[in-house]
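S.K.: Would you mind keeping the following structure in view while I ask a few things?
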Protein chains: 2
Amino acid sequence: MNEYQEKIAIKKRLAIYYRDQSVKNGLTDMRRIKAYLPDDLMFRQLKRDLVIAHLDFEPILELIADKKEFVVVSGLNPSSTLHLGHQILFDLLLSLQKLGGRIYIPLTNDESYIDGKVQTMGESKRVAYEEILPSIIAFGFDPKRTHIYVDTEYPTLYPFAMRLSKYVSMAEVESLFGKESLVTPGQIFYRGCVQLAEILMPQLPEFGGPKHTLIPVGIDQHPYILLARDVAKRMGMVPPSELVMRFLPSLKDPEQKMSGSKPETAIYLSDTSEVIGKKIASAFTGAVSSLEEHRKFGAVPEACSVFALLSAYLESDRELQDLYSRYTKGELLTKELKEIAKRCITSVVFSHQQKKIAAQDKEVYLLTRPIQSYLD
Amino acid sequence: MNEYQEKIAIKKRLAIYYRDQSVKNGLTDMRRIKAYLPDDLMFRQLKRDLVIAHLDFEPILELIADKKEFVVVSGLNPSSTLHLGHQILFDLLLSLQKLGGRIYIPLTNDESYIDGKVQTMGESKRVAYEEILPSIIAFGFDPKRTHIYVDTEYPTLYPFAMRLSKYVSMAEVESLFGKESLVTPGQIFYRGCVQLAEILMPQLPEFGGPKHTLIPVGIDQHPYILLARDVAKRMGMVPPSELVMRFLPSLKDPEQKMSGSKPETAIYLSDTSEVIGKKIASAFTGAVSSLEEHRKFGAVPEACSVFALLSAYLESDRELQDLYSRYTKGELLTKELKEIAKRCITSVVFSHQQKKIAAQDKEVYLLTRPIQSYLD
């Protein structure tokens, strides 16, 4: 197979992967939602196909159309510095907040610990308060409708998790997650109860009772949603809706995720312009190496880790379409694409770094109201 | 088999049951401890063979002899009104406190809930605060060395339980408790982690660091101690010592436990003198029904639910020995024994009821210092 055919094959495999995963998991693609949503409510992540599938999104859509509030829950594992793969999630949350979303963000230092991503829960708590919380403020979330907590600092979450444990059987947990990820009792309790407590908590009486909630996830987190929906029904709550995001690819391999634990795959929100430049310069692209062949066949943007950065972060839709077209035809060179990506990403990262330094009033974002109704 | 032989058979089965359980579980009987303990340190529960076996009690004995402090942890399921079977445990705790014990008493309303003994954790919390806490105060515990908490009201217990979950494997939990008691993730987390957190908590830095602790249990709770000892070693803590109590028998069957959920088997600390009289009048005894045969063969105190009450509660050792001797010989009639038991137990229960009404200063007994070191 020649180099160009290899890039085409990557594009196909990715398309098939997302389609098969969606079908297998009973998800619906976004075509009808996109067709229905009026222009003034259209958001970038939907327009750019960063959101690829959903389950039961329609009730949320109605609330958006009626300009009513809905709840979004999106947890984060505070085990490393944030990278661009996290930022696309936060960008989606910001879009949803603008459409009426009240956002709950559990920072799951207990999960980081039990899965061995950090040595201590304290280390993970430090990352949560000193790295992630200022970043969230820097992204520009509305403090009145953004509620952040670090799991171990919000301990009434756990008796609520104990309460809902009665609505979950081990047989379900094992069949959804597989025995290999359930080695300790803590892993079982986290996956089978604590994560569900995070998702269902906004439906407790102290937060206003049952309501529509939306959980943005990667396709690999779908089992949590299935379990949460079943348990919600058993507890007389509303089954949460799901929005599945495309993962931001590794800089080295468009078929892998950008991962904070593999620095060569990721651009961190703390990287310098020099580091960003080097990482993009050595990134995997959708173009063949011979200039002559590039001019002849063109490139494959869907198999390009650099183009994926621009899809997520370039401000102008028109400029992105233009780049897509010229890159595909072989008019735009890889070197030129990388230069554009470098400028775009450096600007995104620098803007974030400046706002993060200026971040203030952390306290107003922290959820402090203890859960009580587990006693009911 | 005639009636007398049946009573003898009960006595034998009980002796064999405790001996076999002790041997099977690697426990040591109390003979050497009793021989070693000086008269002024001897306590009633040991003297009357209510304590039947131990594991690693020697370090505690040394602390007692040196008049140094040791820690005792003894949890209670707040799912029903207290009965005499609970009181013998509290009496032991009081004896241990007089010998230098600092006592921690978790009131496990989460356990009551996950095992279906109550409908809500709130119901169990109410029992804990309104029934059990005043009773504990009435028993006369020293507020400076008695620390009580309701599990869900002391929620930092749970992140500590998450922390220690890393030192426990599901394989261990399943082999110790059996799959049939591990149906939900909450049951697994409670048995595999929360109960261990209760036991090991006094060894955390915020409570002074590693130290000798003693856990009084019924023989059926031995698996918890084995797991706690293994986990303590892995966490650099001192493996807790164990003291095994004989159960107070059901009023209806000396081979069964007195149980709060079966009113006919138990005398509650809230019973009236009339109820106590009726319950004792219809209790199972170690005497045959024919007066003639009783005079001839005598009775079997070890197979007598009424005599068990006196063994636990009669103040005078000499009087108890005298009753044992006369009952065994058939000189003391069942009716007379029951009359003595009724007077003794009514006095115990009434004294408790009066003190309970007068119980004050609940707050000073409650443990409020949050756990922090799970972050380490």
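If you're wondering about the labels, chains in the structure tokens are A, B, ... by order shown, residues count from 1 in each chain, ligands from 1 in order shown.
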Could you write out, as a ChimeraX atom specification, all the residues of region 150-231 of chain B that DSSP marks as alpha helix (DSSP H)?
M.R.: /B:157-164,170-177,185-189,195-200,222-231
S.K.: Would you write out those residues with C-alpha atoms, as an mmCIF file, in the first residue's frame?
M.R.:
```
data_model
loop_
_atom_site.group_PDB
_atom_site.id
_atom_site.type_symbol
_atom_site.label_atom_id
_atom_site.label_comp_id
_atom_site.auth_asym_id
_atom_site.auth_seq_id
_atom_site.Cartn_x
_atom_site.Cartn_y
_atom_site.Cartn_z
ATOM 1 C CA LEU B 157 -14.686 8.022 57.143
ATOM 2 C CA TYR B 158 -15.500 7.190 53.521
ATOM 3 C CA PRO B 159 -12.562 8.790 51.703
ATOM 4 C CA PHE B 160 -10.376 6.999 54.253
ATOM 5 C CA ALA B 161 -12.194 3.784 53.317
ATOM 6 C CA MET B 162 -11.466 4.582 49.644
ATOM 7 C CA ARG B 163 -7.814 5.083 50.520
ATOM 8 C CA LEU B 164 -7.487 1.718 52.225
ATOM 9 C CA MET B 170 -11.874 -8.550 45.845
ATOM 10 C CA ALA B 171 -10.529 -12.096 45.933
ATOM 11 C CA GLU B 172 -9.901 -11.736 49.692
ATOM 12 C CA VAL B 173 -13.249 -10.126 50.374
ATOM 13 C CA GLU B 174 -15.082 -12.863 48.491
ATOM 14 C CA SER B 175 -13.209 -15.684 50.178
ATOM 15 C CA LEU B 176 -13.785 -14.218 53.671
ATOM 16 C CA PHE B 177 -17.426 -13.185 53.412
ATOM 17 C CA PRO B 185 -21.311 -2.668 45.416
ATOM 18 C CA GLY B 186 -22.263 -1.006 48.714
ATOM 19 C CA GLN B 187 -22.134 -4.308 50.588
ATOM 20 C CA ILE B 188 -18.718 -5.006 49.110
ATOM 21 C CA PHE B 189 -17.459 -1.543 49.999
ATOM 22 C CA GLN B 195 -15.730 -1.560 58.472
ATOM 23 C CA LEU B 196 -11.930 -1.700 58.225
ATOM 24 C CA ALA B 197 -11.832 2.102 58.234
ATOM 25 C CA GLU B 198 -13.769 2.068 61.525
ATOM 26 C CA ILE B 199 -11.319 -0.419 63.007
ATOM 27 C CA LEU B 200 -8.095 1.199 61.772
ATOM 28 C CA HIS B 222 -13.996 -13.089 63.046
ATOM 29 C CA PRO B 223 -13.472 -12.682 59.244
ATOM 30 C CA TYR B 224 -13.481 -8.884 59.657
ATOM 31 C CA ILE B 225 -10.638 -9.113 62.141
ATOM 32 C CA LEU B 226 -8.563 -11.349 59.896
ATOM 33 C CA LEU B 227 -8.964 -8.895 57.022
ATOM 34 C CA ALA B 228 -8.286 -5.908 59.285
ATOM 35 C CA ARG B 229 -5.092 -7.526 60.582
ATOM 36 C CA ASP B 230 -3.785 -8.204 57.080
ATOM 37 C CA VAL B 231 -4.647 -4.716 55.867
#
```
S.K.: I need the strand (DSSP E or B) residues of region 149-256 of chain B per DSSP on the backbone, written as JSON, numbers by chain.
M.R.: {"B": [149, 150, 213, 214, 215, 216, 217, 218, 241, 242, 243, 244, 245, 249]}
S.K.: Could you check the closest approach to Glu111 (chain A) for each of A:Val150, A:Leu27, A:Leu314, A:Leu248 and tell me which residue wins, using only C-alpha atoms?
M.R.: A:Val150
S.K.: Quick one: of B:Pro78, B:Gly85, B:Pro59, B:Gly192, who's nearest to chain A, counting only C-alpha atoms?
M.R.: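 Among the listed residues, the smallest separation from chain A belongs to B:Gly192.
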S.K.: List the spatial neighbours of Gly277 (chain A) as a ChimeraX atom specification - criterion: any atom at most 9 Å away, only C-alpha atoms, same-chain residues fewer than 6 positions off excluded.
M.R.: /A:338-339,342-343,346
S.K.: May I ask which of the residues A:Phe57, A:Phe284, A:Tyr190, A:Tyr327 is the closest one to chain B, counting only C-alpha atoms?
M.R.: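 Nearest candidate to chain B out of A:Phe57, A:Phe284, A:Tyr190, A:Tyr327: A:Tyr190.
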S.K.: Report as a PyMOL selection string all protein, DNA and RNA residues lying within 10 Å of Gln97 (chain B), evaluated on only C-alpha atoms, omitting residues in the same chain fewer than 4 positions from it.
M.R.: chain B and resi 69-72+91-93+101-103+141-142+145-146
S.K.: Got time to write the residues from that selection, C-alpha atoms, as a PDB file, in the first residue's frame?
M.R.:
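What landed in out.pdb:
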```pdb
ATOM      1  CA  GLU B  69      -3.886   3.406  77.556  1.00  0.00           C
ATOM      2  CA  PHE B  70      -5.080   1.115  74.770  1.00  0.00           C
ATOM      3  CA  VAL B  71      -7.835   1.551  72.219  1.00  0.00           C
ATOM      4  CA  VAL B  72     -11.034  -0.469  71.884  1.00  0.00           C
ATOM      5  CA  ASP B  91     -20.580  -4.066  80.086  1.00  0.00           C
ATOM      6  CA  LEU B  92     -17.388  -5.530  78.617  1.00  0.00           C
ATOM      7  CA  LEU B  93     -16.494  -2.156  77.107  1.00  0.00           C
ATOM      8  CA  GLY B 101      -9.326   1.572  77.280  1.00  0.00           C
ATOM      9  CA  ARG B 102     -10.192   4.538  75.083  1.00  0.00           C
ATOM     10  CA  ILE B 103     -13.385   3.456  73.345  1.00  0.00           C
ATOM     11  CA  PHE B 141     -18.951   5.668  79.935  1.00  0.00           C
ATOM     12  CA  ASP B 142     -16.292   8.309  80.577  1.00  0.00           C
ATOM     13  CA  ARG B 145     -12.389   8.471  76.632  1.00  0.00           C
ATOM     14  CA  THR B 146     -15.503   7.518  74.673  1.00  0.00           C
TER      15      THR B 146
END
```
S.K.: Extract, using only C-alpha atoms, all DNA, RNA and protein residues at most 12 Å from Ala299 (chain B), discarding same-chain residues fewer than 6 positions from it, and format them as a PyMOL selection string.
M.R.: chain B and resi 3-8+11+285-293+306-307+323-334+337
S.K.: Keeping only N, CA and C atoms, write those residues as a PDB file, in the first residue's frame.
M.R.:
```pdb
ATOM      1  N   GLU B   3     -35.820 -36.112  78.345  1.00  0.00           N
ATOM      2  CA  GLU B   3     -35.705 -34.654  78.406  1.00  0.00           C
ATOM      3  C   GLU B   3     -34.361 -34.214  79.003  1.00  0.00           C
ATOM      4  N   TYR B   4     -33.935 -34.895  80.060  1.00  0.00           N
ATOM      5  CA  TYR B   4     -32.684 -34.517  80.709  1.00  0.00           C
ATOM      6  C   TYR B   4     -31.501 -34.705  79.760  1.00  0.00           C
ATOM      7  N   GLN B   5     -31.530 -35.848  79.055  1.00  0.00           N
ATOM      8  CA  GLN B   5     -30.435 -36.098  78.109  1.00  0.00           C
ATOM      9  C   GLN B   5     -30.404 -35.055  76.999  1.00  0.00           C
ATOM     10  N   GLU B   6     -31.585 -34.590  76.629  1.00  0.00           N
ATOM     11  CA  GLU B   6     -31.633 -33.517  75.627  1.00  0.00           C
ATOM     12  C   GLU B   6     -30.910 -32.267  76.118  1.00  0.00           C
ATOM     13  N   LYS B   7     -31.120 -31.929  77.375  1.00  0.00           N
ATOM     14  CA  LYS B   7     -30.468 -30.733  77.937  1.00  0.00           C
ATOM     15  C   LYS B   7     -28.951 -30.924  77.965  1.00  0.00           C
ATOM     16  N   ILE B   8     -28.543 -32.113  78.362  1.00  0.00           N
ATOM     17  CA  ILE B   8     -27.100 -32.425  78.381  1.00  0.00           C
ATOM     18  C   ILE B   8     -26.518 -32.309  76.967  1.00  0.00           C
ATOM     19  N   LYS B  11     -25.898 -28.700  76.082  1.00  0.00           N
ATOM     20  CA  LYS B  11     -24.672 -28.236  76.741  1.00  0.00           C
ATOM     21  C   LYS B  11     -23.434 -28.681  75.966  1.00  0.00           C
ATOM     22  N   THR B 285     -35.637 -23.367  79.703  1.00  0.00           N
ATOM     23  CA  THR B 285     -34.710 -23.555  80.830  1.00  0.00           C
ATOM     24  C   THR B 285     -33.930 -24.857  80.706  1.00  0.00           C
ATOM     25  N   GLY B 286     -32.991 -25.017  81.616  1.00  0.00           N
ATOM     26  CA  GLY B 286     -32.166 -26.225  81.648  1.00  0.00           C
ATOM     27  C   GLY B 286     -32.744 -27.308  82.536  1.00  0.00           C
ATOM     28  N   ALA B 287     -34.003 -27.110  82.967  1.00  0.00           N
ATOM     29  CA  ALA B 287     -34.625 -28.078  83.877  1.00  0.00           C
ATOM     30  C   ALA B 287     -35.689 -28.901  83.152  1.00  0.00           C
ATOM     31  N   VAL B 288     -35.850 -30.137  83.554  1.00  0.00           N
ATOM     32  CA  VAL B 288     -36.892 -30.991  82.977  1.00  0.00           C
ATOM     33  C   VAL B 288     -38.249 -30.572  83.542  1.00  0.00           C
ATOM     34  N   SER B 289     -39.330 -30.998  82.879  1.00  0.00           N
ATOM     35  CA  SER B 289     -40.648 -30.496  83.291  1.00  0.00           C
ATOM     36  C   SER B 289     -41.217 -31.224  84.515  1.00  0.00           C
ATOM     37  N   SER B 290     -40.833 -32.470  84.693  1.00  0.00           N
ATOM     38  CA  SER B 290     -41.365 -33.199  85.853  1.00  0.00           C
ATOM     39  C   SER B 290     -40.581 -32.826  87.110  1.00  0.00           C
ATOM     40  N   LEU B 291     -41.321 -32.398  88.116  1.00  0.00           N
ATOM     41  CA  LEU B 291     -40.681 -31.990  89.372  1.00  0.00           C
ATOM     42  C   LEU B 291     -39.890 -33.140  89.985  1.00  0.00           C
ATOM     43  N   GLU B 292     -40.480 -34.325  89.896  1.00  0.00           N
ATOM     44  CA  GLU B 292     -39.831 -35.520  90.455  1.00  0.00           C
ATOM     45  C   GLU B 292     -38.466 -35.769  89.802  1.00  0.00           C
ATOM     46  N   GLU B 293     -38.476 -35.697  88.449  1.00  0.00           N
ATOM     47  CA  GLU B 293     -37.208 -35.919  87.734  1.00  0.00           C
ATOM     48  C   GLU B 293     -36.202 -34.814  88.015  1.00  0.00           C
ATOM     49  N   VAL B 306     -32.429 -18.890  81.048  1.00  0.00           N
ATOM     50  CA  VAL B 306     -32.639 -18.064  82.233  1.00  0.00           C
ATOM     51  C   VAL B 306     -31.353 -17.974  83.050  1.00  0.00           C
ATOM     52  N   PHE B 307     -30.680 -19.117  83.212  1.00  0.00           N
ATOM     53  CA  PHE B 307     -29.421 -19.082  83.956  1.00  0.00           C
ATOM     54  C   PHE B 307     -28.393 -18.189  83.252  1.00  0.00           C
ATOM     55  N   LEU B 323     -26.341 -20.618  93.314  1.00  0.00           N
ATOM     56  CA  LEU B 323     -27.481 -20.957  92.455  1.00  0.00           C
ATOM     57  C   LEU B 323     -27.109 -22.087  91.494  1.00  0.00           C
ATOM     58  N   TYR B 324     -25.908 -21.990  90.922  1.00  0.00           N
ATOM     59  CA  TYR B 324     -25.446 -23.011  89.974  1.00  0.00           C
ATOM     60  C   TYR B 324     -25.460 -24.384  90.632  1.00  0.00           C
ATOM     61  N   SER B 325     -24.905 -24.410  91.812  1.00  0.00           N
ATOM     62  CA  SER B 325     -24.781 -25.673  92.527  1.00  0.00           C
ATOM     63  C   SER B 325     -26.167 -26.249  92.879  1.00  0.00           C
ATOM     64  N   ARG B 326     -27.046 -25.427  93.418  1.00  0.00           N
ATOM     65  CA  ARG B 326     -28.357 -25.911  93.848  1.00  0.00           C
ATOM     66  C   ARG B 326     -29.242 -26.265  92.660  1.00  0.00           C
ATOM     67  N   TYR B 327     -29.082 -25.519  91.552  1.00  0.00           N
ATOM     68  CA  TYR B 327     -29.878 -25.793  90.343  1.00  0.00           C
ATOM     69  C   TYR B 327     -29.408 -27.104  89.712  1.00  0.00           C
ATOM     70  N   THR B 328     -28.102 -27.283  89.649  1.00  0.00           N
ATOM     71  CA  THR B 328     -27.531 -28.500  89.062  1.00  0.00           C
ATOM     72  C   THR B 328     -27.971 -29.739  89.834  1.00  0.00           C
ATOM     73  N   LYS B 329     -28.075 -29.578  91.168  1.00  0.00           N
ATOM     74  CA  LYS B 329     -28.468 -30.711  92.008  1.00  0.00           C
ATOM     75  C   LYS B 329     -29.979 -30.930  92.039  1.00  0.00           C
ATOM     76  N   GLY B 330     -30.739 -29.990  91.509  1.00  0.00           N
ATOM     77  CA  GLY B 330     -32.191 -30.132  91.544  1.00  0.00           C
ATOM     78  C   GLY B 330     -32.812 -29.597  92.824  1.00  0.00           C
ATOM     79  N   GLU B 331     -32.006 -28.910  93.611  1.00  0.00           N
ATOM     80  CA  GLU B 331     -32.554 -28.340  94.844  1.00  0.00           C
ATOM     81  C   GLU B 331     -33.342 -27.068  94.554  1.00  0.00           C
ATOM     82  N   LEU B 332     -32.806 -26.281  93.608  1.00  0.00           N
ATOM     83  CA  LEU B 332     -33.457 -25.028  93.233  1.00  0.00           C
ATOM     84  C   LEU B 332     -34.455 -25.313  92.109  1.00  0.00           C
ATOM     85  N   LEU B 333     -35.690 -24.874  92.313  1.00  0.00           N
ATOM     86  CA  LEU B 333     -36.715 -25.130  91.299  1.00  0.00           C
ATOM     87  C   LEU B 333     -36.648 -24.081  90.192  1.00  0.00           C
ATOM     88  N   THR B 334     -37.140 -24.460  89.011  1.00  0.00           N
ATOM     89  CA  THR B 334     -37.181 -23.544  87.871  1.00  0.00           C
ATOM     90  C   THR B 334     -37.952 -22.279  88.227  1.00  0.00           C
ATOM     91  N   LEU B 337     -35.776 -20.108  90.272  1.00  0.00           N
ATOM     92  CA  LEU B 337     -34.730 -19.509  89.433  1.00  0.00           C
ATOM     93  C   LEU B 337     -35.307 -18.351  88.627  1.00  0.00           C
TER      94      LEU B 337
END
```
S.K.: From the set A:Ile132, A:Leu182, A:Ile60, A:Val364, which residue has the shortest atom-to-atom contact distance to chain B, counting only C-alpha atoms?
M.R.: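 Nearest candidate to chain B out of A:Ile132, A:Leu182, A:Ile60, A:Val364: A:Leu182.
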